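Pasted below: run-v4.tsv, TSV, C-alpha atoms and all ligand atoms.
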chain	number	residue	atom	x	y	z
A	1	MET	CA	0.00	0.00	0.00
A	2	LYS	CA	2.68	2.46	1.09
A	3	VAL	CA	4.88	1.43	-1.83
A	4	ALA	CA	2.01	2.04	-4.26
A	5	LEU	CA	1.44	5.50	-2.85
A	6	VAL	CA	5.10	6.46	-3.12
A	7	LEU	CA	5.18	5.07	-6.65
A	8	SER	CA	2.14	7.01	-7.79
A	9	LEU	CA	3.49	10.22	-6.28
A	10	ALA	CA	6.73	9.65	-8.16
A	11	LEU	CA	4.79	9.15	-11.39
A	12	ILE	CA	2.84	12.37	-10.85
A	13	GLY	CA	6.17	14.14	-10.44
A	14	VAL	CA	7.49	12.73	-13.70
A	15	ALA	CA	4.27	13.64	-15.54
A	16	SER	CA	4.30	17.27	-14.41
A	17	ALA	CA	7.98	17.70	-15.25
A	18	ALA	CA	7.26	16.28	-18.70
A	19	ARG	CA	4.36	18.66	-19.29
A	20	ALA	CA	6.73	21.53	-20.04
A	21	GLU	CA	8.49	19.39	-22.65
A	22	VAL	CA	7.18	18.89	-26.16
A	23	PRO	CA	6.59	15.17	-26.85
A	24	PRO	CA	8.52	13.73	-29.82
A	25	ALA	CA	5.37	13.16	-31.93
A	26	ARG	CA	4.37	16.80	-31.47
A	27	GLN	CA	7.92	17.89	-32.39
A	28	GLY	CA	7.41	16.17	-35.74
A	29	GLU	CA	4.16	18.07	-36.27
A	30	LEU	CA	5.83	21.35	-35.32
A	31	ARG	CA	8.65	20.74	-37.82
A	32	ASP	CA	6.06	20.38	-40.61
A	33	PHE	CA	4.14	23.37	-39.29
A	34	VAL	CA	7.24	25.57	-39.36
A	35	SER	CA	8.21	24.61	-42.89
A	36	GLN	CA	4.66	24.88	-44.28
A	37	ASP	CA	2.78	27.54	-42.30
A	38	CYS	CA	5.69	29.74	-41.29
A	39	GLY	CA	7.37	28.91	-44.60
A	40	SER	CA	4.47	30.38	-46.56
A	41	CYS	CA	5.64	33.85	-45.50
A	42	HIS	CA	9.22	33.28	-44.39
A	43	GLY	CA	10.17	30.99	-47.28
A	44	MET	CA	10.36	27.20	-47.34
A	45	THR	CA	14.12	27.50	-46.83
A	46	ARG	CA	13.49	30.35	-44.31
A	47	ASN	CA	15.44	32.81	-46.41
A	48	GLY	CA	12.61	35.28	-46.24
A	49	GLY	CA	9.67	36.31	-48.40
A	50	LEU	CA	6.85	38.47	-47.13
A	51	GLY	CA	8.35	37.76	-43.69
A	52	SER	CA	11.96	38.39	-42.69
A	53	PRO	CA	14.55	35.59	-42.98
A	54	LEU	CA	14.35	33.01	-40.17
A	55	THR	CA	17.76	31.54	-40.85
A	56	VAL	CA	19.84	30.10	-38.00
A	57	GLN	CA	22.18	33.08	-38.38
A	58	ALA	CA	19.35	35.64	-38.18
A	59	MET	CA	17.73	33.85	-35.24
A	60	ARG	CA	20.97	33.60	-33.27
A	61	GLU	CA	21.16	37.40	-33.19
A	62	LEU	CA	17.85	37.61	-31.31
A	63	GLY	CA	16.98	36.72	-27.73
A	64	ASP	CA	14.84	33.67	-26.97
A	65	GLU	CA	12.21	35.61	-25.04
A	66	ALA	CA	11.70	38.20	-27.77
A	67	LEU	CA	11.35	35.46	-30.37
A	68	VAL	CA	8.86	33.48	-28.25
A	69	ALA	CA	6.84	36.70	-27.74
A	70	THR	CA	6.84	37.45	-31.48
A	71	ILE	CA	5.64	33.93	-32.28
A	72	LEU	CA	2.90	33.89	-29.63
A	73	ASP	CA	1.67	37.46	-30.04
A	74	GLY	CA	2.70	38.37	-33.58
A	75	ARG	CA	3.80	41.85	-34.64
A	76	PRO	CA	0.78	44.13	-34.57
A	77	GLY	CA	0.63	46.36	-37.65
A	78	THR	CA	2.56	43.81	-39.77
A	79	PRO	CA	1.38	40.59	-41.46
A	80	MET	CA	3.05	38.51	-38.70
A	81	PRO	CA	0.03	36.93	-36.97
A	82	PRO	CA	-0.22	35.77	-33.34
A	83	TRP	CA	-0.03	31.99	-32.96
A	84	ARG	CA	-1.11	31.78	-29.33
A	85	GLY	CA	-4.34	29.94	-30.19
A	86	LEU	CA	-2.44	27.21	-32.04
A	87	LEU	CA	0.80	26.96	-30.07
A	88	THR	CA	1.50	26.70	-26.36
A	89	GLU	CA	4.40	28.57	-24.78
A	90	PRO	CA	6.58	25.39	-24.50
A	91	GLU	CA	5.86	24.74	-28.18
A	92	ALA	CA	6.90	28.29	-29.14
A	93	GLN	CA	10.07	27.81	-27.04
A	94	TRP	CA	10.75	24.56	-28.89
A	95	ILE	CA	10.28	26.32	-32.26
A	96	VAL	CA	12.81	28.97	-31.22
A	97	LYS	CA	15.36	26.24	-30.37
A	98	HIS	CA	14.55	24.58	-33.68
A	99	LEU	CA	15.01	27.85	-35.62
A	100	LYS	CA	18.31	28.46	-33.82
A	101	GLY	CA	19.47	24.99	-34.84
A	102	ASP	CA	19.75	23.73	-31.25
A	103	VAL	CA	17.28	20.91	-31.89
A	104	PRO	CA	16.85	19.18	-35.27
B	1	LIG	C1	1.19	35.86	-43.02
B	1	LIG	C2	2.63	35.87	-43.09
B	1	LIG	C3	3.42	35.29	-41.94
B	1	LIG	C4	3.30	34.05	-41.39
B	1	LIG	C5	2.37	32.91	-41.77
B	1	LIG	C6	4.33	33.96	-40.36
B	1	LIG	N1	5.02	35.13	-40.30
B	1	LIG	FE1	6.53	35.55	-39.02
B	1	LIG	N2	6.67	37.44	-39.76
B	1	LIG	C7	5.93	37.91	-40.84
B	1	LIG	C8	6.37	39.27	-41.11
B	1	LIG	C9	5.81	40.16	-42.23
B	1	LIG	C10	7.37	39.58	-40.17
B	1	LIG	C11	8.17	40.89	-40.03
B	1	LIG	C12	7.39	41.78	-39.07
B	1	LIG	C13	8.06	43.13	-38.90
B	1	LIG	O1	8.10	43.89	-39.87
B	1	LIG	O2	8.55	43.38	-37.79
B	1	LIG	C14	7.54	38.41	-39.33
B	1	LIG	C15	8.43	38.32	-38.29
B	1	LIG	C16	8.72	37.16	-37.60
B	1	LIG	C17	9.76	37.03	-36.62
B	1	LIG	C18	10.70	38.12	-36.15
B	1	LIG	C19	11.95	38.04	-36.98
B	1	LIG	C20	12.92	39.15	-36.66
B	1	LIG	O3	13.95	39.21	-37.37
B	1	LIG	O4	12.70	39.95	-35.76
B	1	LIG	C21	9.74	35.74	-36.19
B	1	LIG	C22	10.64	35.09	-35.16
B	1	LIG	C23	8.70	35.07	-36.92
B	1	LIG	N3	8.09	35.97	-37.76
B	1	LIG	C24	8.40	33.75	-36.77
B	1	LIG	C25	7.34	33.12	-37.40
B	1	LIG	C26	6.96	31.76	-37.13
B	1	LIG	C27	7.69	30.80	-36.19
B	1	LIG	C28	5.87	31.51	-37.90
B	1	LIG	C29	5.04	30.25	-37.93
B	1	LIG	C30	4.50	29.83	-36.66
B	1	LIG	C31	5.58	32.72	-38.66
B	1	LIG	N4	6.49	33.67	-38.32
B	1	LIG	C32	4.56	32.86	-39.58
B	1	LIG	C33	4.95	37.24	-41.52
B	1	LIG	C34	4.51	35.97	-41.24
Before anything else, please render the file you have as structure tokens.
Ligand code: HEC
Amino acid sequence: MKVALVLSLALIGVASAARAEVPPARQGELRDFVSQDCGSCHGMTRNGGLGSPLTVQAMRELGDEALVATILDGRPGTPMPPWRGLLTEPEAQWIVKHLKGDVP
């Protein structure tokens, strides 16, 4: 009984730590999303189009928090839309790492 309780508490701990992480299957979806949806304005190769270039080099010059904010809230007065309804904050953080080339 006691062992089961300790075990389930440990599992709850693992589950809540994992909540901030983006599961591998979702990472795959986000990769496609970035190349297709973001790519429609920023270019399939991210070299820019209607939107500015999102190359690794360009992204590395910008801070993570500013990039996450731009992705979640867009740039009012420009065509860059807010993505908050479609992406969670951990997902936007993952996209920033992906754009910076820190995760494949
Ligand atoms: C409808 C077109 C459009 C789509 C779709 C779009 N963007 Fe943008 N984005 C823009 C434009 C235009 C700008 C430049 C805004 C400005 O003038 O400041 C921009 C700016 C940005 C910037 C800031 C770049 C910098 O150098 O400061 C980031 C980061 C960004 N977009 C990421 C994304 C991501 C990630 C997606 C997909 C989730 C996305 N964008 C989808 C049009 C778009």
Practice problem: Residues up to 6 Å from ligand LIG 1 (chain B), counting all atoms listed in the file: could you list those as a VMD selection string? | Solution: chain A and resid 34 37 to 38 40 to 41 50 to 52 67 70 to 71 75 78 to 80
Practice problem: For each of A:Pro90, A:Gly77, A:Pro82, A:Gly101, take the minimum atom-to-atom distance to Thr55 in chain A, counting only C-alpha atoms, then give the residue where this is smallest. | Solution: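 Smallest separation from Thr55 in chain A among the options: A:Gly101.
Candidate residues A:Glu21, A:Lys100, A:Ser35, A:Trp83 were compared for distance to Gly63 in chain A, and the nearest is A:Lys100, using all atoms listed in the file.
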Self-check item: Among listed residues A:Ala69, A:Ala25, A:Leu30, A:Met59, nearest Leu86 in chain A (using only C-alpha atoms)
Solution: A:Leu30
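Taking CA of Ala66 in chain A and CA of Gln93 in chain A as endpoints, the distance between them is 10.5 Å.
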Quiz item: Counting only C-alpha atoms, which of A:Leu99, A:Pro81, A:Trp94, A:Arg46 gets nearest to Pro24 in chain A?
Solution: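 Selected residue with least distance to Pro24 in chain A: A:Trp94.
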Quiz item: If you count only C-alpha atoms, which residues fall within 7 Å of Val22 in chain A, apart from same-chain ones fewer than 3 positions away, as number ranges by chain?
Solution: A: 26-27, 90-91
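Here CA of Pro23 in chain A and CA of Thr45 in chain A stand 24.7 Å from one another.
Distance-wise, CA of Asp73 in chain A and CA of Pro104 in chain A end up 24.3 Å apart.
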